[in-house]
Amino acid sequence: MSRTAILYLNVFVIATCGLIYELLAGTLASYLLGDSVTQFSTCIGVYLFALGVGAWLSSFLDKSLARYFIEVELAVALLGGFSAPLLFLSFASLQFFSVVLYCMILVIGTLVGLELPLLMRILREDLDFKHLVSRVLTFDYVGCLLASLLFPIFLVPDLGLVRTSLLFGICNAVVGLWGTWVLETGLGGGVIFLRIRGVLVIVLLVAGFIKADSFTTWSEDQLYSDAVVYSQTSRYQRIVLTQRASGFQLWLDGNLQFSSRDEYRYHEALVHPAAMLTQRPKRVLVLGGGDGLALREILKYDTVKHVTLVDLDPAMTGLSARFPPLDELNGGAFRDSRVRVVNADAMIWLEQPDEPFDLVIIDFPDPNNFSLGKLYTRRFYRQLKSCLAEDAAVAIQCTSPLEAPRSFWCIVNTLQSAGFSVRPYRVSVPSFGVWGFALAQLKPFVVPQGCRGDLRFLNDRVVEALFQLPNDMQQVATEINRLDNQILVYYYDREWEIVR
Amino acid sequence: MVKTRGQSRGASAADLDRRDLLASFLGASGAVLLEGCQSRERDIGLPPGELVGPSVALGHRIRDGLRLSFPERELQATQVVIVGGGIAGLAAARRLHQEGIEDFVLLELEPEAGGTSRSGQSDIVAYPWGAHYVPAPTREFPALVQLFDEVGVFEGTDAVGDPVVAEEFRCRHPEERLYYKGIWYEGLYLASGASVDDHRQMTRFRAEMDRWVAWRDGRGRRAFAVPVAAGSDDPVVRALDAITMAQWLDQRGFDSPRLRWWVDYACRDDYGLRLEQTSAWAGIYYYCARIPEVGAAARPFVTWPEGNGRLVHHLYSGVRSQCLLGAAVTEVTPRQVEGKAVVDVLGVKAESQQLFGYRAERVIFAAPQFLSRYLIRDYRDNTPRHVTEFSYGAWAVANLTLSEIPQSEGFPLAWDNVLYESPSLGYVATSYQRGLDYGPALITYYYPLCDDDPRAARQRLLQLDREEWAEIALADLGRAHTGIRESAQRVDVMRWGHAMIQPRPGFVWGKARQLASQPFRGVHFGHSDLSGIALFEEAFFHGTRAAEEVLAALRGRVDSIL
């Protein structure tokens, strides 16, 4: 390969790396600060500005261009390569995160901005200006295209942000190290020392790449404390994910939905008693549950042929794809070929359900407004009956029987009034407190047995105990929740007002 | 100020007059509302829509003396002709059909049956063009219970034997809310900020109503019953019809503004009349007729997204083959032919302009009474006085398709959403009743024109076109929902010139409606206006009653279901 060809390859790699750092900064900023439009647009703006600063500074460098080029390369490799881990670390304290973020973008941008002018001036000795400009810019833009395609399709989903950043750091360092041979004539003395530094940078980055997993864990353990790691306002609700040392939490409109630390207790209790009652669930319906955690439990059954998940908000059912830790927590449930997602209002969808289901898991947010309250009405449960197989089992989350006994029993009583046999049960979830569920079937039944052996929380003895309600959670009389009284919303408001 | 505005818009004096006119429809702050509206209009424009509406032009041609000649030998012989395909006409047809009479024809001017209970259909939801709910009937009106049962709205009977309405056919909770100075409140009575005296008057008013709910006459009849005909005609009850609701309130010292607003709203809502125009009998009827006994809950409203259109559909589907739609009756002539009394009915099909003629043994006149003077030959030259005593209110109804349910402050969206400071009745959240909480929405806006002179009201109604009524609806609702113009995709408008009979003082218990109910030479009258109040139950009652009169005449006897 000729010297020019090699240098063109360098342009290509440099351009790819440069855009990757920019995308990394933008993505991290929108992950961690929310509001992706603002974050992306400010990151791109600052980055492009810094490129200009670099280009301008390049005019002040006159002697030993090749050496400067290699120094810049190694600096970009180190800074860009470690940008994602550094930003994750700095996120521990929100107020400094933006400062670190924009400083880093400025420095990386300036260095990248130096690269191309320096390289073009080096190449000037080999080519006439017309061809030089055309080729360099061509490879630059092609590199950008490659980066912009690789980043969302391959890098983020498969490598993750931290490893992506380290990988492209390595690429930059390799270009720098290689340059010590290609441009050797222009380097003068001290070449060996430059090469040793190049190798050192590569070793550091490779080590980081290998230990990325433990780095992530370590940094989380050390530094996260209720930081907002994701936020989005969808058409229907405000979705926020926070992180603390013990795990991450999902909040919808300010109400806690789960904490990754103990959600398994909730979701095992929600799914498995009903699954045990149906015995061999084949066709499963999930209403709500866009976090995919109930799906994770359902998909443990090999008998399950397909699962239809009906959740109003595409932003919720798509959250796992955008926030990899959730995807990890739900075991990639949304990528399972048995799962079909329908984004619809469950009550409207129930007017034309497609098939009879053996198992129905209902995991709606608590009934704190009329649009949610209707999903707990007698009318809703009657509609539900039309899509149940004869032996179908239904499990429903029913808020806390300890904190909101009237709400809890109102749901149970309403289910009964719709013609279901109901057995209420409860579980302790440290992040929530005591939480209640209702297990229902169209015929009388006894507490199911035959719990699978691979669960973290449940076993047969525990399942039996769940159904034994303590004295402070005994049945209370309530009205039936109907579309035309929405009494549950009033019970719920009153009871949680006292708790708050 | 006005001048500057005019110049900046390049508006002519005529434009300004037009805007003053529109402002007059919006109450005290009308000009301000339109100002805000029109500054946005420049950027957004008025959403598209259609003017639907009764066939005014053809109707007015008939009024102005359209005469057709039709060869006598081509008259089609039929046992019964029903003139009018509103609820009364459909109920009459149903009753004939029930008794095995199939040789009848129902003639309706409009291309659809249903009258003011008609409905429309959009991509989002079916919607009403007029009447949109009926209080659940009780065991005291078995014929109506039977009808509702056929439509499938009941799920059993309660302890006293009244049918129980399934929850999906009731108003979705919350039923009502009221907008006042920036905030929505639950219910229709403005309780927030009420003084001790306001509350005291409200309690006293409820006690008065309870007294009337409990009242029975010597024959054990209620003062206010459904249908009206089942109630008492005791002089004590009839005396209420001599004064206005405002006078009744005055006499009892009810001067609380919010109480009076609440009662005024009830009168406008049910009768299209103000407090000062409504008979006290009708005003009290509104509060008492729905309550079976003191302490009992009021009968729930039965409703559907398309309003009473659901009932129209059911009634129509049973007699579809005997209905001729788009068929304008121009002349009803009772005569003697070969010693036998017959009634000739002539008319023209609205679309094809083709003439038609029937010779019937009996006619059921199920159109509003005011039409009798234009249609019945004998009434033309010699109009009976009682006919002229029937007066009808004018209404505008707009259906607004929105990109989403409007945001609001305070109490959340309800079935019925009323604006305290507006002359309109606010809107019904039609798509909400359908269960649609997200995405595109449809709301139905009602505006009664409560002029003292009903003819002036009709003029005011008809002088505004679709665009101007849309403008009024958007400006009016803009009080409570600032973004409504931006989210409006369509505004369709219906203008009802003769929407409802008006129970002004003296009418309900005057002679006119008794006289008008009497058959005239083979023509039997059956329409809600014969009860004095425009309710579905009354239309159904009088249509059925007229059909039973005809059955009795044809067959000698009939077992009444009423």
# chains A, B, ... in the order shown; residues from 1 in each chain; ligands from 1
call {"tool": "interface_residues", "arguments": {"of": "chain A", "to": "chain B", "cutoff": "12 Å", "atoms": "only C-alpha atoms", "output": "PyMOL selection string"}}
result
chain A and resi 235-237+312-313+343-351+369-375+377-380+382-383+418+480-490
call {"tool": "select_by_dssp", "arguments": {"residues": "stretch 301-492 of chain A", "states": "strand (DSSP E)", "output": "JSON, numbers by chain"}}
result
{"A": [306, 307, 308, 309, 310, 339, 340, 341, 342, 357, 358, 359, 360, 361, 362, 363, 388, 389, 390, 391, 392, 393, 394, 395, 396, 397, 421, 422, 423, 424, 425, 426, 427, 428, 429, 433, 434, 435, 436, 437, 438, 439, 440, 441]}
call {"tool": "select_by_dssp", "arguments": {"residues": "stretch 241-404 of chain A", "states": "helix (DSSP H, G or I)", "output": "short mmCIF file (atom, residue, chain, number, x, y, z; two decimals) with C-alpha atoms, in the first residue's frame"}}
result
data_model
loop_
_atom_site.label_atom_id
_atom_site.label_comp_id
_atom_site.auth_asym_id
_atom_site.auth_seq_id
_atom_site.Cartn_x
_atom_site.Cartn_y
_atom_site.Cartn_z
CA GLU A 263 -39.04 -6.44 41.90
CA TYR A 264 -38.60 -10.20 41.58
CA ARG A 265 -40.69 -10.64 44.72
CA TYR A 266 -43.51 -8.61 43.20
CA HIS A 267 -43.38 -10.16 39.76
CA GLU A 268 -42.97 -13.74 40.92
CA ALA A 269 -45.98 -13.27 43.20
CA LEU A 270 -47.96 -11.64 40.39
CA VAL A 271 -47.35 -14.35 37.80
CA HIS A 272 -46.65 -17.74 39.34
CA PRO A 273 -49.70 -18.45 41.51
CA ALA A 274 -51.93 -17.81 38.48
CA ALA A 275 -49.64 -19.83 36.22
CA MET A 276 -49.74 -22.70 38.76
CA LEU A 277 -53.53 -22.52 38.80
CA THR A 278 -53.73 -22.84 35.00
CA LEU A 293 -40.86 -7.94 34.08
CA ALA A 294 -44.07 -9.99 34.26
CA LEU A 295 -43.16 -11.22 30.76
CA ARG A 296 -39.85 -12.46 32.11
CA GLU A 297 -41.65 -14.66 34.62
CA ILE A 298 -44.23 -15.87 32.08
CA PRO A 314 -45.26 2.72 23.16
CA ALA A 315 -42.68 4.67 25.17
CA MET A 316 -43.03 2.08 27.96
CA THR A 317 -42.95 -1.03 25.78
CA LEU A 319 -38.12 1.43 27.06
CA SER A 320 -36.07 -1.79 27.22
CA ALA A 321 -34.67 -1.12 23.77
CA ARG A 322 -33.54 2.34 24.80
CA PRO A 324 -30.28 -1.60 28.18
CA PRO A 325 -30.29 -2.27 31.96
CA LEU A 326 -34.08 -2.79 31.78
CA ASP A 327 -33.66 -5.12 28.83
CA GLU A 328 -31.17 -7.05 30.92
CA LEU A 329 -33.51 -7.10 33.91
CA ALA A 333 -38.43 -10.40 27.04
CA PHE A 334 -39.45 -8.04 24.24
CA ARG A 335 -37.04 -9.75 21.87
CA ALA A 346 -56.86 -2.20 27.38
CA MET A 347 -60.56 -1.47 27.76
CA ILE A 348 -60.98 -0.58 24.10
CA TRP A 349 -58.82 -3.52 23.06
CA PHE A 370 -60.59 8.06 36.18
CA SER A 371 -58.80 6.77 33.07
CA LEU A 372 -57.03 4.18 35.22
CA GLY A 373 -60.03 3.65 37.49
CA LYS A 374 -62.10 2.37 34.57
CA LEU A 375 -59.64 -0.53 34.21
CA TYR A 376 -60.75 -1.77 37.63
CA ARG A 378 -67.06 -4.38 37.00
CA ARG A 379 -67.66 -3.58 33.34
CA PHE A 380 -63.97 -4.13 32.61
CA TYR A 381 -63.91 -7.48 34.42
CA ARG A 382 -67.05 -8.56 32.62
CA GLN A 383 -65.47 -7.70 29.30
CA LEU A 384 -62.43 -9.64 30.38
CA LYS A 385 -64.55 -12.77 30.84
#
call {"tool": "atom_distance", "arguments": {"atom1": "atom CA of B:Leu346", "atom2": "atom CA of B:Pro519"}}
result
19.5 Å
call {"tool": "residues_around", "arguments": {"residues": "stretch 366-372 of chain B", "least_positions_apart": "4", "cutoff": "6 Å", "atoms": "only C-alpha atoms", "output": "short mmCIF file (atom, residue, chain, number, x, y, z; two decimals) with C-alpha atoms, in the first residue's frame"}}
result
data_model
loop_
_atom_site.label_atom_id
_atom_site.label_comp_id
_atom_site.auth_asym_id
_atom_site.auth_seq_id
_atom_site.Cartn_x
_atom_site.Cartn_y
_atom_site.Cartn_z
CA VAL B 83 -96.65 11.79 8.78
CA GLY B 84 -93.26 12.33 10.43
CA ALA B 88 -93.31 9.72 17.84
CA GLY B 89 -93.79 8.52 14.25
CA ILE B 376 -103.95 19.84 6.78
CA GLY B 526 -99.19 12.09 18.20
CA HIS B 527 -96.07 14.16 18.95
#
call {"tool": "residues_around", "arguments": {"residues": "B:Arg521", "least_positions_apart": "6", "cutoff": "10 Å", "atoms": "only C-alpha atoms", "output": "NGL selection string"}}
result
:B and (333-336 or 341-343 or 362-363 or 378)
call {"tool": "write_last_selection", "arguments": {"atoms": "all heavy atoms", "output": "mmCIF file, in the first residue's frame"}}
result
data_model
loop_
_atom_site.group_PDB
_atom_site.id
_atom_site.type_symbol
_atom_site.label_atom_id
_atom_site.label_comp_id
_atom_site.auth_asym_id
_atom_site.auth_seq_id
_atom_site.Cartn_x
_atom_site.Cartn_y
_atom_site.Cartn_z
ATOM 1 N N THR B 333 -105.511 15.815 3.291
ATOM 2 C CA THR B 333 -106.887 16.233 3.043
ATOM 3 C C THR B 333 -107.905 15.174 3.460
ATOM 4 O O THR B 333 -108.051 14.159 2.783
ATOM 5 C CB THR B 333 -107.088 16.537 1.540
ATOM 6 O OG1 THR B 333 -105.987 17.293 1.068
ATOM 7 C CG2 THR B 333 -108.393 17.286 1.307
ATOM 8 N N PRO B 334 -108.602 15.384 4.567
ATOM 9 C CA PRO B 334 -109.685 14.474 4.925
ATOM 10 C C PRO B 334 -110.866 14.714 3.982
ATOM 11 O O PRO B 334 -111.184 15.861 3.674
ATOM 12 C CB PRO B 334 -110.046 14.897 6.353
ATOM 13 C CG PRO B 334 -108.935 15.803 6.802
ATOM 14 C CD PRO B 334 -108.394 16.436 5.583
ATOM 15 N N ARG B 335 -111.484 13.660 3.501
ATOM 16 C CA ARG B 335 -112.663 13.828 2.642
ATOM 17 C C ARG B 335 -113.563 12.609 2.711
ATOM 18 O O ARG B 335 -113.174 11.571 3.257
ATOM 19 C CB ARG B 335 -112.249 14.142 1.202
ATOM 20 C CG ARG B 335 -111.307 13.146 0.543
ATOM 21 C CD ARG B 335 -111.218 13.389 -0.961
ATOM 22 N NE ARG B 335 -110.971 14.795 -1.260
ATOM 23 C CZ ARG B 335 -109.879 15.242 -1.879
ATOM 24 N NH1 ARG B 335 -108.941 14.386 -2.269
ATOM 25 N NH2 ARG B 335 -109.719 16.515 -2.125
ATOM 26 N N GLN B 336 -114.787 12.783 2.148
ATOM 27 C CA GLN B 336 -115.740 11.675 2.054
ATOM 28 C C GLN B 336 -115.698 11.152 0.628
ATOM 29 O O GLN B 336 -115.854 11.908 -0.326
ATOM 30 C CB GLN B 336 -117.166 12.181 2.361
ATOM 31 C CG GLN B 336 -117.398 12.568 3.820
ATOM 32 C CD GLN B 336 -117.507 11.368 4.740
ATOM 33 O OE1 GLN B 336 -118.060 10.341 4.356
ATOM 34 N NE2 GLN B 336 -116.961 11.497 5.946
ATOM 35 N N ALA B 341 -115.202 7.876 4.954
ATOM 36 C CA ALA B 341 -114.215 8.893 5.304
ATOM 37 C C ALA B 341 -112.810 8.376 4.982
ATOM 38 O O ALA B 341 -112.433 7.285 5.398
ATOM 39 C CB ALA B 341 -114.316 9.234 6.786
ATOM 40 N N VAL B 342 -112.079 9.164 4.191
ATOM 41 C CA VAL B 342 -110.682 8.814 3.893
ATOM 42 C C VAL B 342 -109.831 10.055 4.084
ATOM 43 O O VAL B 342 -110.356 11.175 4.223
ATOM 44 C CB VAL B 342 -110.508 8.302 2.440
ATOM 45 C CG1 VAL B 342 -111.230 6.975 2.243
ATOM 46 C CG2 VAL B 342 -110.976 9.352 1.450
ATOM 47 N N VAL B 343 -108.534 9.860 4.074
ATOM 48 C CA VAL B 343 -107.618 11.003 4.139
ATOM 49 C C VAL B 343 -106.603 10.855 3.010
ATOM 50 O O VAL B 343 -105.932 9.829 2.906
ATOM 51 C CB VAL B 343 -106.880 11.070 5.489
ATOM 52 C CG1 VAL B 343 -106.063 12.351 5.578
ATOM 53 C CG2 VAL B 343 -107.845 10.966 6.657
ATOM 54 N N ARG B 362 -106.812 6.085 7.824
ATOM 55 C CA ARG B 362 -106.470 6.961 8.951
ATOM 56 C C ARG B 362 -105.075 7.536 8.742
ATOM 57 O O ARG B 362 -104.225 6.906 8.107
ATOM 58 C CB ARG B 362 -106.462 6.176 10.271
ATOM 59 C CG ARG B 362 -107.783 5.568 10.640
ATOM 60 C CD ARG B 362 -108.690 6.604 11.304
ATOM 61 N NE ARG B 362 -110.067 6.144 11.305
ATOM 62 C CZ ARG B 362 -111.039 6.716 12.027
ATOM 63 N NH1 ARG B 362 -110.764 7.755 12.800
ATOM 64 N NH2 ARG B 362 -112.263 6.268 11.965
ATOM 65 N N VAL B 363 -104.850 8.714 9.312
ATOM 66 C CA VAL B 363 -103.521 9.325 9.275
ATOM 67 C C VAL B 363 -103.070 9.587 10.703
ATOM 68 O O VAL B 363 -103.865 10.030 11.543
ATOM 69 C CB VAL B 363 -103.534 10.645 8.468
ATOM 70 C CG1 VAL B 363 -102.302 11.483 8.767
ATOM 71 C CG2 VAL B 363 -103.616 10.345 6.970
ATOM 72 N N ASP B 378 -107.967 21.596 5.794
ATOM 73 C CA ASP B 378 -108.979 22.375 6.518
ATOM 74 C C ASP B 378 -108.374 23.422 7.439
ATOM 75 O O ASP B 378 -108.998 24.438 7.741
ATOM 76 C CB ASP B 378 -109.862 21.443 7.374
ATOM 77 C CG ASP B 378 -110.348 20.254 6.589
ATOM 78 O OD1 ASP B 378 -109.479 19.513 6.058
ATOM 79 O OD2 ASP B 378 -111.572 20.058 6.500
#
call {"tool": "residues_around", "arguments": {"residues": "stretch 513-517 of chain B", "least_positions_apart": "6", "cutoff": "8 Å", "atoms": "only C-alpha atoms", "output": "PyMOL selection string"}}
result
chain B and resi 369+386-387+507+524-526+529-532
call {"tool": "write_last_selection", "arguments": {"atoms": "N, CA, C and O atoms", "output": "mmCIF file, in the first residue's frame"}}
result
data_model
loop_
_atom_site.group_PDB
_atom_site.id
_atom_site.type_symbol
_atom_site.label_atom_id
_atom_site.label_comp_id
_atom_site.auth_asym_id
_atom_site.auth_seq_id
_atom_site.Cartn_x
_atom_site.Cartn_y
_atom_site.Cartn_z
ATOM 1 N N GLN B 369 -96.960 20.165 15.860
ATOM 2 C CA GLN B 369 -98.286 20.749 15.674
ATOM 3 C C GLN B 369 -98.273 21.967 14.736
ATOM 4 O O GLN B 369 -99.206 22.173 13.973
ATOM 5 N N HIS B 386 -105.860 26.865 18.829
ATOM 6 C CA HIS B 386 -104.904 26.125 19.653
ATOM 7 C C HIS B 386 -103.584 25.857 18.913
ATOM 8 O O HIS B 386 -102.526 25.782 19.529
ATOM 9 N N VAL B 387 -103.648 25.764 17.594
ATOM 10 C CA VAL B 387 -102.413 25.484 16.835
ATOM 11 C C VAL B 387 -101.406 26.618 17.007
ATOM 12 O O VAL B 387 -100.202 26.396 17.128
ATOM 13 N N PHE B 507 -99.075 27.001 29.141
ATOM 14 C CA PHE B 507 -99.221 26.097 27.997
ATOM 15 C C PHE B 507 -99.534 24.664 28.412
ATOM 16 O O PHE B 507 -100.452 24.034 27.877
ATOM 17 N N HIS B 524 -105.157 11.572 13.377
ATOM 18 C CA HIS B 524 -104.873 11.428 14.812
ATOM 19 C C HIS B 524 -103.508 12.044 15.102
ATOM 20 O O HIS B 524 -102.562 11.810 14.362
ATOM 21 N N PHE B 525 -103.445 12.802 16.174
ATOM 22 C CA PHE B 525 -102.207 13.534 16.455
ATOM 23 C C PHE B 525 -101.374 12.821 17.505
ATOM 24 O O PHE B 525 -101.893 12.386 18.537
ATOM 25 N N GLY B 526 -100.078 12.708 17.230
ATOM 26 C CA GLY B 526 -99.185 12.087 18.205
ATOM 27 C C GLY B 526 -97.794 12.688 18.070
ATOM 28 O O GLY B 526 -97.099 12.428 17.092
ATOM 29 N N ASP B 529 -94.865 17.329 21.433
ATOM 30 C CA ASP B 529 -95.350 18.674 21.789
ATOM 31 C C ASP B 529 -96.725 18.626 22.457
ATOM 32 O O ASP B 529 -97.112 19.560 23.158
ATOM 33 N N LEU B 530 -97.453 17.514 22.278
ATOM 34 C CA LEU B 530 -98.779 17.411 22.895
ATOM 35 C C LEU B 530 -98.676 17.259 24.416
ATOM 36 O O LEU B 530 -99.673 17.386 25.124
ATOM 37 N N SER B 531 -97.475 16.972 24.922
ATOM 38 C CA SER B 531 -97.301 16.884 26.374
ATOM 39 C C SER B 531 -96.799 18.206 26.940
ATOM 40 O O SER B 531 -96.803 18.414 28.140
ATOM 41 N N GLY B 532 -96.336 19.076 26.069
ATOM 42 C CA GLY B 532 -95.822 20.358 26.542
ATOM 43 C C GLY B 532 -94.337 20.367 26.819
ATOM 44 O O GLY B 532 -93.740 21.418 26.995
#
call {"tool": "closest_residue", "arguments": {"among": "B:Ile124, B:Leu147, B:Ala360, B:Val345", "to": "B:Val312", "atoms": "only C-alpha atoms"}}
result
B:Leu147
call {"tool": "atom_distance", "arguments": {"atom1": "atom CA of B:Arg504", "atom2": "atom CA of B:Gln251"}}
result
18.2 Å
call {"tool": "residues_around", "arguments": {"residues": "A:Ala5", "least_positions_apart": "6", "cutoff": "12 Å", "atoms": "only C-alpha atoms", "output": "list of chain:residue names"}}
result
A:Val11, A:Phe12, A:Leu123, A:Asp126, A:Leu127, A:Leu132, A:Arg135, A:Val136, A:Phe139, A:Val182
call {"tool": "write_last_selection", "arguments": {"atoms": "N, CA, C and O atoms", "output": "compact mmCIF listing (two decimals), in the first residue's frame"}}
result
# COMPACT_ATOMS: atom_id res chain seq x y z
N VAL A 11 -7.38 8.98 7.53
CA VAL A 11 -8.45 9.99 7.51
C VAL A 11 -9.79 9.31 7.83
O VAL A 11 -10.59 9.78 8.64
N PHE A 12 -9.98 8.17 7.19
CA PHE A 12 -11.22 7.42 7.33
C PHE A 12 -11.45 7.02 8.80
O PHE A 12 -12.51 7.26 9.38
N LEU A 123 0.08 15.67 3.80
CA LEU A 123 -0.15 15.03 2.50
C LEU A 123 0.14 15.97 1.34
O LEU A 123 0.26 15.53 0.20
N ASP A 126 2.59 15.13 -1.22
CA ASP A 126 2.39 14.03 -2.15
C ASP A 126 1.39 14.36 -3.26
O ASP A 126 1.39 13.72 -4.30
N LEU A 127 0.48 15.30 -3.04
CA LEU A 127 -0.62 15.50 -3.98
C LEU A 127 -0.79 16.97 -4.30
O LEU A 127 -0.40 17.83 -3.52
N LEU A 132 -6.12 16.68 -3.18
CA LEU A 132 -5.97 16.53 -1.73
C LEU A 132 -7.29 16.84 -1.02
O LEU A 132 -7.82 16.01 -0.26
N ARG A 135 -10.14 14.24 -1.92
CA ARG A 135 -10.01 12.90 -1.33
C ARG A 135 -10.21 12.93 0.19
O ARG A 135 -10.94 12.13 0.75
N VAL A 136 -9.52 13.87 0.81
CA VAL A 136 -9.60 13.91 2.28
C VAL A 136 -11.04 14.09 2.75
O VAL A 136 -11.53 13.37 3.62
N PHE A 139 -13.16 10.84 2.18
CA PHE A 139 -12.97 9.80 3.20
C PHE A 139 -13.52 10.23 4.55
O PHE A 139 -14.06 9.43 5.31
N VAL A 182 4.78 5.28 9.23
CA VAL A 182 4.42 5.90 7.94
C VAL A 182 5.08 7.27 7.80
O VAL A 182 5.56 7.65 6.74
call {"tool": "residues_around", "arguments": {"residues": "stretch 110-118 of chain A", "least_positions_apart": "5", "cutoff": "9 Å", "atoms": "only C-alpha atoms", "output": "ChimeraX atom specification"}}
result
/A:11,14-15,18,47-59,61,65-66,68-69,72-73,75-76,105,123,136,140
call {"tool": "closest_residue", "arguments": {"among": "B:Val294, B:Ile364, B:Ala230, B:Ala512", "to": "B:Thr388", "atoms": "only C-alpha atoms"}}
result
B:Ala512
call {"tool": "closest_atom_pairs", "arguments": {"of": "stretch 324-439 of chain A", "to": "stretch 469-475 of chain A", "cutoff": "10 Å", "atoms": "only C-alpha atoms", "output": "JSON lines"}}
result
{"residue": "A:Ser400", "atom": "CA", "partner": "A:Met473", "partner_atom": "CA", "distance": 9.5}
{"residue": "A:Pro401", "atom": "CA", "partner": "A:Met473", "partner_atom": "CA", "distance": 5.9}
{"residue": "A:Leu402", "atom": "CA", "partner": "A:Met473", "partner_atom": "CA", "distance": 5.9}
{"residue": "A:Glu403", "atom": "CA", "partner": "A:Met473", "partner_atom": "CA", "distance": 9.4}
{"residue": "A:Ala404", "atom": "CA", "partner": "A:Met473", "partner_atom": "CA", "distance": 9.7}
{"residue": "A:Pro405", "atom": "CA", "partner": "A:Met473", "partner_atom": "CA", "distance": 6.9}
{"residue": "A:Arg406", "atom": "CA", "partner": "A:Gln475", "partner_atom": "CA", "distance": 8.7}
{"residue": "A:Phe408", "atom": "CA", "partner": "A:Gln475", "partner_atom": "CA", "distance": 9.1}
{"residue": "A:Trp409", "atom": "CA", "partner": "A:Gln475", "partner_atom": "CA", "distance": 6.3}
{"residue": "A:Cys410", "atom": "CA", "partner": "A:Gln475", "partner_atom": "CA", "distance": 9.5}
{"residue": "A:Val412", "atom": "CA", "partner": "A:Gln475", "partner_atom": "CA", "distance": 9.2}
{"residue": "A:Asn413", "atom": "CA", "partner": "A:Gln475", "partner_atom": "CA", "distance": 9.3}
{"residue": "A:Pro424", "atom": "CA", "partner": "A:Leu469", "partner_atom": "CA", "distance": 8.2}
{"residue": "A:Tyr425", "atom": "CA", "partner": "A:Leu469", "partner_atom": "CA", "distance": 6.8}
{"residue": "A:Arg426", "atom": "CA", "partner": "A:Leu469", "partner_atom": "CA", "distance": 7.4}
{"residue": "A:Val427", "atom": "CA", "partner": "A:Leu469", "partner_atom": "CA", "distance": 9.9}
{"residue": "A:Gly436", "atom": "CA", "partner": "A:Met473", "partner_atom": "CA", "distance": 9.8}
